[in-house]
>>> print(open('protein-v4.pdb').read())   # PDB, C-alpha atoms, pLDDT in the B column
ATOM      1  CA  PHE W   1       3.575  18.117  12.568  1.00 34.00           C
ATOM      2  CA  ALA W   2       5.124  20.552  15.041  1.00 38.00           C
ATOM      3  CA  SER W   3       6.310  22.963  12.347  1.00 41.00           C
ATOM      4  CA  LYS W   4       6.251  23.363   8.599  1.00 44.00           C
ATOM      5  CA  SER W   5       9.385  23.000   6.505  1.00 45.00           C
ATOM      6  CA  GLU W   6      10.169  24.986   3.356  1.00 45.00           C
ATOM      7  CA  ASN W   7       9.012  21.971   1.401  1.00 44.00           C
ATOM      8  CA  ASP W   8       5.674  22.031   3.227  1.00 45.00           C
ATOM      9  CA  HIS W   9       5.100  25.639   2.167  1.00 41.00           C
ATOM     10  CA  ALA W  10       6.266  25.000  -1.404  1.00 43.00           C
ATOM     11  CA  SER W  11       3.757  22.163  -1.795  1.00 40.00           C
ATOM     12  CA  VAL W  12       0.732  24.087  -0.514  1.00 40.00           C
ATOM     13  CA  ALA W  13      -0.542  24.359  -4.087  1.00 45.00           C
ATOM     14  CA  LEU W  14      -0.821  20.567  -4.252  1.00 63.00           C
ATOM     15  CA  SER W  15      -4.238  19.172  -3.378  1.00 69.00           C
ATOM     16  CA  ARG W  16      -2.809  16.758  -0.773  1.00 89.00           C
ATOM     17  CA  GLN W  17      -5.978  14.697  -1.101  1.00 92.00           C
ATOM     18  CA  ALA W  18      -7.841  12.708  -3.727  1.00 96.00           C
ATOM     19  CA  LYS W  19     -10.845  10.465  -4.180  1.00 96.00           C
ATOM     20  CA  VAL W  20     -11.200   7.667  -6.695  1.00 97.00           C
ATOM     21  CA  GLU W  21     -14.288   5.582  -7.367  1.00 96.00           C
ATOM     22  CA  ARG W  22     -14.106   2.523  -9.598  1.00 91.00           C
ATOM     23  CA  SER W  23     -16.890   0.166 -10.646  1.00 93.00           C
ATOM     24  CA  THR W  24     -16.350  -2.886 -12.818  1.00 93.00           C
ATOM     25  CA  LYS W  25     -18.119  -6.208 -13.259  1.00 95.00           C
ATOM     26  CA  GLU W  26     -15.946  -7.584 -10.457  1.00 95.00           C
ATOM     27  CA  THR W  27     -15.559  -4.737  -7.927  1.00 96.00           C
ATOM     28  CA  SER W  28     -17.068  -1.524  -6.632  1.00 98.00           C
ATOM     29  CA  ILE W  29     -14.484   0.668  -4.884  1.00 98.00           C
ATOM     30  CA  SER W  30     -14.312   4.044  -3.177  1.00 98.00           C
ATOM     31  CA  VAL W  31     -10.944   5.365  -1.947  1.00 98.00           C
ATOM     32  CA  HIS W  32     -10.358   8.709  -0.250  1.00 97.00           C
ATOM     33  CA  LEU W  33      -6.737   9.600   0.581  1.00 97.00           C
ATOM     34  CA  LEU W  34      -5.703  12.605   2.638  1.00 95.00           C
ATOM     35  CA  LEU W  35      -2.052  13.583   3.228  1.00 92.00           C
ATOM     36  CA  ASN W  36      -2.856  15.355   6.480  1.00 78.00           C
ATOM     37  CA  GLY W  37      -0.219  14.122   8.913  1.00 77.00           C
ATOM     38  CA  SER W  38      -2.632  11.840  10.740  1.00 82.00           C
ATOM     39  CA  CYS W  39      -3.971   8.311  10.374  1.00 84.00           C
ATOM     40  CA  ALA W  40      -6.547   8.609  13.177  1.00 85.00           C
ATOM     41  CA  ASP W  41      -9.536   8.530  10.806  1.00 91.00           C
ATOM     42  CA  THR W  42      -8.294   5.703   8.591  1.00 95.00           C
ATOM     43  CA  SER W  43     -11.002   3.119   7.935  1.00 96.00           C
ATOM     44  CA  ILE W  44     -10.549   0.246   5.481  1.00 97.00           C
ATOM     45  CA  GLU W  45     -13.044  -2.463   4.575  1.00 97.00           C
ATOM     46  CA  THR W  46     -12.222  -4.612   1.562  1.00 97.00           C
ATOM     47  CA  GLY W  47     -13.462  -8.016   2.713  1.00 95.00           C
ATOM     48  CA  VAL W  48      -9.832  -9.206   2.832  1.00 95.00           C
ATOM     49  CA  PRO W  49      -8.601  -8.741   6.434  1.00 94.00           C
ATOM     50  CA  VAL W  50      -4.876  -8.985   5.638  1.00 96.00           C
ATOM     51  CA  LEU W  51      -5.256  -6.411   2.843  1.00 97.00           C
ATOM     52  CA  ASP W  52      -7.080  -4.116   5.291  1.00 97.00           C
ATOM     53  CA  GLU W  53      -4.254  -4.545   7.786  1.00 97.00           C
ATOM     54  CA  PHE W  54      -1.545  -3.994   5.174  1.00 98.00           C
ATOM     55  CA  PHE W  55      -2.923  -0.633   4.055  1.00 98.00           C
ATOM     56  CA  THR W  56      -3.835   0.402   7.613  1.00 97.00           C
ATOM     57  CA  VAL W  57      -0.212  -0.141   8.655  1.00 98.00           C
ATOM     58  CA  LEU W  58       1.045   1.693   5.568  1.00 98.00           C
ATOM     59  CA  ALA W  59      -1.258   4.652   6.312  1.00 97.00           C
ATOM     60  CA  GLU W  60      -0.135   4.736   9.942  1.00 96.00           C
ATOM     61  CA  HIS W  61       3.554   4.951   9.060  1.00 97.00           C
ATOM     62  CA  ALA W  62       2.970   7.361   6.166  1.00 96.00           C
ATOM     63  CA  ASN W  63       0.935   9.672   8.432  1.00 94.00           C
ATOM     64  CA  LEU W  64      -1.973   9.778   6.011  1.00 95.00           C
ATOM     65  CA  THR W  65      -5.680   9.045   6.162  1.00 96.00           C
ATOM     66  CA  LEU W  66      -7.154   6.284   4.010  1.00 97.00           C
ATOM     67  CA  ASN W  67     -10.863   5.609   3.762  1.00 97.00           C
ATOM     68  CA  ILE W  68     -11.583   2.580   1.613  1.00 98.00           C
ATOM     69  CA  ARG W  69     -14.766   0.646   0.890  1.00 98.00           C
ATOM     70  CA  CYS W  70     -14.749  -2.242  -1.530  1.00 97.00           C
ATOM     71  CA  THR W  71     -17.188  -4.967  -2.480  1.00 96.00           C
ATOM     72  CA  GLY W  72     -15.732  -7.542  -4.830  1.00 95.00           C
ATOM     73  CA  ASP W  73     -16.175 -11.044  -6.217  1.00 95.00           C
ATOM     74  CA  LEU W  74     -14.487 -12.744  -3.281  1.00 93.00           C
ATOM     75  CA  TRP W  75     -16.565 -15.858  -3.880  1.00 92.00           C
ATOM     76  CA  VAL W  76     -14.288 -16.329  -6.905  1.00 93.00           C
ATOM     77  CA  ASP W  77     -10.938 -15.317  -5.358  1.00 93.00           C
ATOM     78  CA  ASP W  78      -9.000 -12.322  -4.017  1.00 95.00           C
ATOM     79  CA  HIS W  79      -7.548 -11.213  -7.354  1.00 95.00           C
ATOM     80  CA  HIS W  80      -9.863  -8.415  -8.493  1.00 96.00           C
ATOM     81  CA  THR W  81     -10.389  -6.948  -5.029  1.00 97.00           C
ATOM     82  CA  ALA W  82      -6.689  -6.819  -4.118  1.00 97.00           C
ATOM     83  CA  GLU W  83      -5.540  -5.504  -7.481  1.00 96.00           C
ATOM     84  CA  ASP W  84      -8.315  -2.939  -8.010  1.00 97.00           C
ATOM     85  CA  VAL W  85      -7.993  -1.488  -4.496  1.00 98.00           C
ATOM     86  CA  SER W  86      -4.248  -1.065  -5.007  1.00 98.00           C
ATOM     87  CA  ILE W  87      -4.792   0.586  -8.399  1.00 97.00           C
ATOM     88  CA  ALA W  88      -7.215   3.072  -6.837  1.00 97.00           C
ATOM     89  CA  ILE W  89      -4.832   3.922  -3.967  1.00 98.00           C
ATOM     90  CA  GLY W  90      -1.996   4.494  -6.441  1.00 98.00           C
ATOM     91  CA  GLN W  91      -4.225   6.747  -8.539  1.00 97.00           C
ATOM     92  CA  CYS W  92      -5.167   8.720  -5.420  1.00 97.00           C
ATOM     93  CA  LEU W  93      -1.494   9.228  -4.577  1.00 97.00           C
ATOM     94  CA  THR W  94      -0.777  10.476  -8.087  1.00 96.00           C
ATOM     95  CA  GLN W  95      -3.650  12.968  -7.879  1.00 95.00           C
ATOM     96  CA  ALA W  96      -2.868  14.127  -4.337  1.00 95.00           C
ATOM     97  CA  LEU W  97       0.841  14.692  -5.009  1.00 94.00           C
ATOM     98  CA  GLY W  98       0.245  16.477  -8.318  1.00 92.00           C
ATOM     99  CA  THR W  99       3.433  17.892  -9.803  1.00 91.00           C
ATOM    100  CA  LYS W 100       5.331  16.983  -6.615  1.00 91.00           C
ATOM    101  CA  ALA W 101       6.784  20.487  -6.603  1.00 88.00           C
ATOM    102  CA  GLY W 102       8.658  21.251  -3.391  1.00 91.00           C
ATOM    103  CA  LEU W 103       8.513  17.692  -2.049  1.00 94.00           C
ATOM    104  CA  ASN W 104      11.532  15.724  -0.877  1.00 96.00           C
ATOM    105  CA  ARG W 105      10.540  13.183  -3.553  1.00 96.00           C
ATOM    106  CA  MET W 106      13.240  10.660  -2.584  1.00 97.00           C
ATOM    107  CA  GLY W 107      13.562   8.693   0.634  1.00 97.00           C
ATOM    108  CA  LEU W 108      14.935   5.620   2.379  1.00 98.00           C
ATOM    109  CA  ALA W 109      13.254   3.843   5.282  1.00 98.00           C
ATOM    110  CA  LYS W 110      13.766   0.709   7.352  1.00 98.00           C
ATOM    111  CA  ALA W 111      11.332  -1.299   9.431  1.00 98.00           C
ATOM    112  CA  LYS W 112      11.451  -4.253  11.817  1.00 98.00           C
ATOM    113  CA  LEU W 113       8.566  -6.459  12.845  1.00 98.00           C
ATOM    114  CA  GLY W 114       9.215  -9.611  14.808  1.00 96.00           C
ATOM    115  CA  GLY W 115      12.100 -11.250  12.997  1.00 96.00           C
ATOM    116  CA  ALA W 116      11.525  -9.418   9.712  1.00 98.00           C
ATOM    117  CA  GLU W 117      13.697  -6.505   8.613  1.00 98.00           C
ATOM    118  CA  VAL W 118      12.865  -4.579   5.438  1.00 98.00           C
ATOM    119  CA  GLU W 119      14.408  -1.585   3.709  1.00 98.00           C
ATOM    120  CA  VAL W 120      12.587   0.538   1.125  1.00 98.00           C
ATOM    121  CA  THR W 121      14.091   3.093  -1.250  1.00 98.00           C
ATOM    122  CA  MET W 122      11.500   5.287  -2.957  1.00 98.00           C
ATOM    123  CA  ASP W 123      11.550   8.006  -5.603  1.00 98.00           C
ATOM    124  CA  LEU W 124       8.368   9.818  -6.673  1.00 97.00           C
ATOM    125  CA  SER W 125       9.879   9.846 -10.122  1.00 94.00           C
ATOM    126  CA  ASN W 126       6.913   9.510 -12.517  1.00 95.00           C
ATOM    127  CA  ARG W 127       8.939   6.572 -13.876  1.00 96.00           C
ATOM    128  CA  PRO W 128       7.195   3.615 -12.223  1.00 98.00           C
ATOM    129  CA  TYR W 129       9.320   0.593 -11.402  1.00 98.00           C
ATOM    130  CA  LEU W 130       9.188  -2.030  -8.654  1.00 98.00           C
ATOM    131  CA  GLY W 131      12.136  -4.186  -7.622  1.00 98.00           C
ATOM    132  CA  HIS W 132      12.084  -6.519  -4.631  1.00 98.00           C
ATOM    133  CA  ASN W 133      13.521  -9.702  -3.154  1.00 98.00           C
ATOM    134  CA  LEU W 134      10.374 -10.885  -1.345  1.00 97.00           C
ATOM    135  CA  HIS W 135       9.960 -13.921  -3.579  1.00 94.00           C
ATOM    136  CA  GLU W 136      11.587 -16.328  -1.128  1.00 94.00           C
ATOM    137  CA  SER W 137       9.446 -15.240   1.818  1.00 96.00           C
ATOM    138  CA  LEU W 138       6.255 -15.156  -0.238  1.00 96.00           C
ATOM    139  CA  GLY W 139       7.036 -18.595  -1.618  1.00 95.00           C
ATOM    140  CA  ARG W 140       6.901 -20.184   1.830  1.00 94.00           C
ATOM    141  CA  GLU W 141       3.101 -20.241   2.033  1.00 94.00           C
ATOM    142  CA  GLU W 142       0.078 -20.113  -0.248  1.00 94.00           C
ATOM    143  CA  TYR W 143      -1.506 -17.339   1.814  1.00 95.00           C
ATOM    144  CA  VAL W 144      -0.047 -14.336   3.647  1.00 96.00           C
ATOM    145  CA  ASP W 145      -1.952 -15.360   6.787  1.00 91.00           C
ATOM    146  CA  PRO W 146      -2.891 -19.067   6.701  1.00 83.00           C
ATOM    147  CA  GLU W 147      -4.977 -18.507   9.850  1.00 76.00           C
ATOM    148  CA  THR W 148      -7.517 -16.384   7.956  1.00 64.00           C
ATOM    149  CA  ILE W 149     -10.832 -18.192   7.935  1.00 48.00           C
ATOM    150  CA  THR W 150     -13.230 -17.888   5.026  1.00 43.00           C
ATOM    151  CA  ASN W 151     -16.594 -19.423   4.234  1.00 42.00           C
ATOM    152  CA  GLY W 152     -17.940 -20.103   0.767  1.00 45.00           C
ATOM    153  CA  ASN W 153     -19.167 -16.537   0.283  1.00 44.00           C
ATOM    154  CA  GLY W 154     -16.122 -14.753   1.688  1.00 44.00           C
ATOM    155  CA  ALA W 155     -18.363 -13.192   4.355  1.00 46.00           C
ATOM    156  CA  ALA W 156     -16.040 -14.059   7.231  1.00 57.00           C
ATOM    157  CA  GLY W 157     -13.059 -12.531   5.456  1.00 78.00           C
ATOM    158  CA  SER W 158     -11.238 -13.776   2.407  1.00 90.00           C
ATOM    159  CA  PRO W 159      -7.552 -14.770   2.617  1.00 93.00           C
ATOM    160  CA  LEU W 160      -4.900 -12.921   0.608  1.00 95.00           C
ATOM    161  CA  SER W 161      -2.674 -15.153  -1.482  1.00 96.00           C
ATOM    162  CA  CYS W 162       1.070 -14.545  -1.494  1.00 96.00           C
ATOM    163  CA  GLU W 163       0.923 -14.370  -5.284  1.00 95.00           C
ATOM    164  CA  MET W 164      -1.573 -11.498  -5.054  1.00 96.00           C
ATOM    165  CA  LEU W 165       0.611  -9.561  -2.590  1.00 97.00           C
ATOM    166  CA  GLU W 166       3.074  -9.072  -5.444  1.00 96.00           C
ATOM    167  CA  HIS W 167       0.238  -7.714  -7.619  1.00 96.00           C
ATOM    168  CA  VAL W 168      -0.768  -5.390  -4.766  1.00 98.00           C
ATOM    169  CA  LEU W 169       2.716  -3.906  -4.624  1.00 98.00           C
ATOM    170  CA  ASP W 170       3.043  -3.673  -8.400  1.00 98.00           C
ATOM    171  CA  SER W 171      -0.375  -2.025  -8.864  1.00 98.00           C
ATOM    172  CA  LEU W 172       0.342   0.494  -6.095  1.00 98.00           C
ATOM    173  CA  VAL W 173       3.745   1.444  -7.512  1.00 98.00           C
ATOM    174  CA  MET W 174       2.706   1.603 -11.170  1.00 98.00           C
ATOM    175  CA  ASN W 175      -0.376   3.732 -10.535  1.00 98.00           C
ATOM    176  CA  GLY W 176       1.418   5.848  -7.928  1.00 97.00           C
ATOM    177  CA  ARG W 177       4.070   6.513 -10.592  1.00 97.00           C
ATOM    178  CA  MET W 178       6.978   5.872  -8.246  1.00 98.00           C
ATOM    179  CA  THR W 179      10.237   3.947  -8.325  1.00 98.00           C
ATOM    180  CA  VAL W 180      10.450   1.532  -5.408  1.00 98.00           C
ATOM    181  CA  HIS W 181      13.123  -0.953  -4.327  1.00 98.00           C
ATOM    182  CA  ILE W 182      12.204  -3.309  -1.474  1.00 98.00           C
ATOM    183  CA  VAL W 183      14.964  -5.309   0.201  1.00 98.00           C
ATOM    184  CA  GLU W 184      14.136  -7.824   2.899  1.00 98.00           C
ATOM    185  CA  THR W 185      17.406  -8.038   4.813  1.00 98.00           C
ATOM    186  CA  LYS W 186      16.035 -10.575   7.290  1.00 98.00           C
ATOM    187  CA  ALA W 187      13.043 -12.859   6.826  1.00 97.00           C
ATOM    188  CA  GLY W 188      10.284 -12.916   9.403  1.00 96.00           C
ATOM    189  CA  ALA W 189       9.210 -15.986  11.340  1.00 96.00           C
ATOM    190  CA  THR W 190       6.007 -15.885   9.275  1.00 96.00           C
ATOM    191  CA  VAL W 191       5.088 -14.513   5.868  1.00 97.00           C
ATOM    192  CA  LYS W 192       2.757 -12.042   7.566  1.00 97.00           C
ATOM    193  CA  GLU W 193       5.655 -10.564   9.548  1.00 97.00           C
ATOM    194  CA  SER W 194       7.548  -9.936   6.318  1.00 98.00           C
ATOM    195  CA  VAL W 195       4.484  -8.437   4.624  1.00 98.00           C
ATOM    196  CA  LEU W 196       3.598  -6.066   7.461  1.00 98.00           C
ATOM    197  CA  ALA W 197       7.242  -5.014   7.875  1.00 98.00           C
ATOM    198  CA  THR W 198       7.128  -4.157   4.169  1.00 98.00           C
ATOM    199  CA  ALA W 199       3.991  -2.073   4.760  1.00 98.00           C
ATOM    200  CA  GLN W 200       5.747  -0.210   7.585  1.00 98.00           C
ATOM    201  CA  ALA W 201       8.834   0.550   5.491  1.00 98.00           C
ATOM    202  CA  LEU W 202       6.727   1.624   2.502  1.00 98.00           C
ATOM    203  CA  GLY W 203       4.722   3.960   4.705  1.00 98.00           C
ATOM    204  CA  LYS W 204       7.805   5.490   6.298  1.00 98.00           C
ATOM    205  CA  ALA W 205       9.450   6.020   2.905  1.00 98.00           C
ATOM    206  CA  LEU W 206       6.304   7.620   1.514  1.00 97.00           C
ATOM    207  CA  HIS W 207       6.099   9.929   4.515  1.00 96.00           C
ATOM    208  CA  VAL W 208       9.651  11.163   3.853  1.00 97.00           C
ATOM    209  CA  CYS W 209       9.085  11.536   0.101  1.00 97.00           C
ATOM    210  CA  ALA W 210       5.789  13.395   0.411  1.00 94.00           C
ATOM    211  CA  MET W 211       7.042  16.027   2.877  1.00 89.00           C
TER
END
>>> encode(input="protein-v4.pdb", output="structure tokens")
Amino acid sequence: FASKSENDHASVALSRQAKVERSTKETSISVHLLLNGSCADTSIETGVPVLDEFFTVLAEHANLTLNIRCTGDLWVDDHHTAEDVSIAIGQCLTQALGTKAGLNRMGLAKAKLGGAEVEVTMDLSNRPYLGHNLHESLGREEYVDPETITNGNGAAGSPLSCEMLEHVLDSLVMNGRMTVHIVETKAGATVKESVLATAQALGKALHVCAM
């Protein structure tokens, strides 16, 4: 950032970074989040390419660094990997933002990608709630990106189901302890357009709220 605002100085006491490691029977996850005004060092490997892209885009527009490594039971499906990664990111946000003292806390952001237009209203409220109207777009396909190719072991990259994208958003919001309203004002030509436009708007809103 070119200069620091009063809110920047007031939030110096906050850690602005966090690391969460989770190991279960289904997944092993390490997430490091840094609210440093840069996404240049973001690196995400979950085995689910669309999930990697979603959080990479979010990090870019939120101006934060995300380093994520996850190995999960993708030979079963995408459920545990997608949900557990999102839980860990939300927990990192909660830790990094601390008391949220001096932050803007509330923000509104819009994003366009292809034909998709999405608006996100966010409040770092400690009263987690997610509302959205993405059901129609997500209901158009079984997977966010039907072009994703997978083999029997998930080694080539597992697809992300549209059903799981809703769990991703819910897990992120609940564990990040934020109130989020997502409104898709115009559907994209593909489900992926709508999903990545959502990631952009979420990132922009988070950037405003966390300043």
>>> resolve_selection(input="protein-v4.pdb", expression="the PyMOL selection byres ((chain W and resi 133-141) around 7)", output="number ranges by chain")
W: 132, 142-144, 162, 182-184, 187, 191
>>> resolve_selection(input="protein-v4.pdb", expression="the PyMOL selection byres ((chain W and resi 82) around 9)", output="JSON, numbers by chain")
{"W": [46, 48, 51, 78, 79, 80, 81, 83, 84, 85, 86, 87, 160, 164, 165, 167, 168]}
>>> atom_distance(input="protein-v4.pdb", atom1="CA of Asp52 (chain W)", atom2="CA of Thr99 (chain W)")
28.7 Å
>>> closest_residue(input="protein-v4.pdb", among="W:Ser28, W:Thr121, W:Ser194, W:Thr94", to="Asn175 (chain W)", atoms="all atoms listed in the file")
W:Thr94
>>> atom_distance(input="protein-v4.pdb", atom1="CA of Leu130 (chain W)", atom2="CA of Gln17 (chain W)")
23.8 Å
>>> closest_residue(input="protein-v4.pdb", among="W:Val208, W:Ile29, W:Leu66, W:Leu58", to="Thr42 (chain W)", atoms="all atoms listed in the file")
W:Leu66
>>> closest_residue(input="protein-v4.pdb", among="W:Leu113, W:Cys209, W:Ile44, W:Cys39", to="His61 (chain W)", atoms="all atoms listed in the file")
W:Cys39
>>> closest_residue(input="protein-v4.pdb", among="W:Ala40, W:Leu124, W:Ala197, W:Ala111", to="Val173 (chain W)", atoms="all atoms listed in the file")
W:Leu124
>>> atom_distance(input="protein-v4.pdb", atom1="CA of Ala116 (chain W)", atom2="CA of Val195 (chain W)")
8.7 Å
>>> resolve_selection(input="protein-v4.pdb", expression="the PyMOL selection byres ((chain W and resi 60) around 12)", output="VMD selection string")
chain W and resid 35 to 43 53 to 59 61 to 66 196 199 to 207
>>> write_last_selection(input="protein-v4.pdb", atoms="C-alpha atoms", output="mmCIF file, in the coordinates of the input")
data_model
loop_
_atom_site.group_PDB
_atom_site.id
_atom_site.type_symbol
_atom_site.label_atom_id
_atom_site.label_comp_id
_atom_site.auth_asym_id
_atom_site.auth_seq_id
_atom_site.Cartn_x
_atom_site.Cartn_y
_atom_site.Cartn_z
ATOM 1 C CA LEU W 35 -2.052 13.583 3.228
ATOM 2 C CA ASN W 36 -2.856 15.355 6.480
ATOM 3 C CA GLY W 37 -0.219 14.122 8.913
ATOM 4 C CA SER W 38 -2.632 11.840 10.740
ATOM 5 C CA CYS W 39 -3.971 8.311 10.374
ATOM 6 C CA ALA W 40 -6.547 8.609 13.177
ATOM 7 C CA ASP W 41 -9.536 8.530 10.806
ATOM 8 C CA THR W 42 -8.294 5.703 8.591
ATOM 9 C CA SER W 43 -11.002 3.119 7.935
ATOM 10 C CA GLU W 53 -4.254 -4.545 7.786
ATOM 11 C CA PHE W 54 -1.545 -3.994 5.174
ATOM 12 C CA PHE W 55 -2.923 -0.633 4.055
ATOM 13 C CA THR W 56 -3.835 0.402 7.613
ATOM 14 C CA VAL W 57 -0.212 -0.141 8.655
ATOM 15 C CA LEU W 58 1.045 1.693 5.568
ATOM 16 C CA ALA W 59 -1.258 4.652 6.312
ATOM 17 C CA HIS W 61 3.554 4.951 9.060
ATOM 18 C CA ALA W 62 2.970 7.361 6.166
ATOM 19 C CA ASN W 63 0.935 9.672 8.432
ATOM 20 C CA LEU W 64 -1.973 9.778 6.011
ATOM 21 C CA THR W 65 -5.680 9.045 6.162
ATOM 22 C CA LEU W 66 -7.154 6.284 4.010
ATOM 23 C CA LEU W 196 3.598 -6.066 7.461
ATOM 24 C CA ALA W 199 3.991 -2.073 4.760
ATOM 25 C CA GLN W 200 5.747 -0.210 7.585
ATOM 26 C CA ALA W 201 8.834 0.550 5.491
ATOM 27 C CA LEU W 202 6.727 1.624 2.502
ATOM 28 C CA GLY W 203 4.722 3.960 4.705
ATOM 29 C CA LYS W 204 7.805 5.490 6.298
ATOM 30 C CA ALA W 205 9.450 6.020 2.905
ATOM 31 C CA LEU W 206 6.304 7.620 1.514
ATOM 32 C CA HIS W 207 6.099 9.929 4.515
#
>>> closest_residue(input="protein-v4.pdb", among="W:Gly157, W:Gly115, W:Gly107, W:Gly90", to="Ser171 (chain W)", atoms="all atoms listed in the file")
W:Gly90
>>> residues_around(input="protein-v4.pdb", residues="Gly114 (chain W)", least_positions_apart="4", cutoff="8 Å", atoms="only C-alpha atoms", output="PyMOL selection string")
chain W and resi 188-189+193
>>> closest_residue(input="protein-v4.pdb", among="W:Gln91, W:Gly47, W:His181, W:Asp77", to="Val20 (chain W)", atoms="all atoms listed in the file")
W:Gln91
>>> residues_around(input="protein-v4.pdb", residues="Tyr129 (chain W)", least_positions_apart="2", cutoff="8 Å", atoms="all atoms listed in the file", output="list in words")
Arg127, Gly131, Val173, Met174, Arg177, Met178, Thr179 and Val180 of chain W
>>> decode(input="protein-v4.pdb", residues="region 14-30 of chain W", atoms="C-alpha atoms", output="PDB file, in the first residue's frame")
ATOM      1  CA  LEU W  14      -3.362  -7.735  15.399  1.00  0.00           C
ATOM      2  CA  SER W  15      -1.172 -10.605  14.234  1.00  0.00           C
ATOM      3  CA  ARG W  16      -2.223 -10.188  10.576  1.00  0.00           C
ATOM      4  CA  GLN W  17      -1.106 -13.761   9.960  1.00  0.00           C
ATOM      5  CA  ALA W  18      -1.970 -17.267  11.094  1.00  0.00           C
ATOM      6  CA  LYS W  19      -1.125 -20.892  10.454  1.00  0.00           C
ATOM      7  CA  VAL W  20      -3.444 -23.846  10.866  1.00  0.00           C
ATOM      8  CA  GLU W  21      -2.558 -27.509  10.503  1.00  0.00           C
ATOM      9  CA  ARG W  22      -5.270 -30.159  10.479  1.00  0.00           C
ATOM     10  CA  SER W  23      -4.916 -33.929  10.226  1.00  0.00           C
ATOM     11  CA  THR W  24      -7.857 -36.310  10.121  1.00  0.00           C
ATOM     12  CA  LYS W  25      -8.449 -39.777   8.709  1.00  0.00           C
ATOM     13  CA  GLU W  26      -9.426 -38.124   5.425  1.00  0.00           C
ATOM     14  CA  THR W  27      -7.099 -35.111   5.026  1.00  0.00           C
ATOM     15  CA  SER W  28      -3.778 -33.614   6.031  1.00  0.00           C
ATOM     16  CA  ILE W  29      -3.744 -29.820   5.646  1.00  0.00           C
ATOM     17  CA  SER W  30      -1.374 -26.928   6.240  1.00  0.00           C
TER      18      SER W  30
END
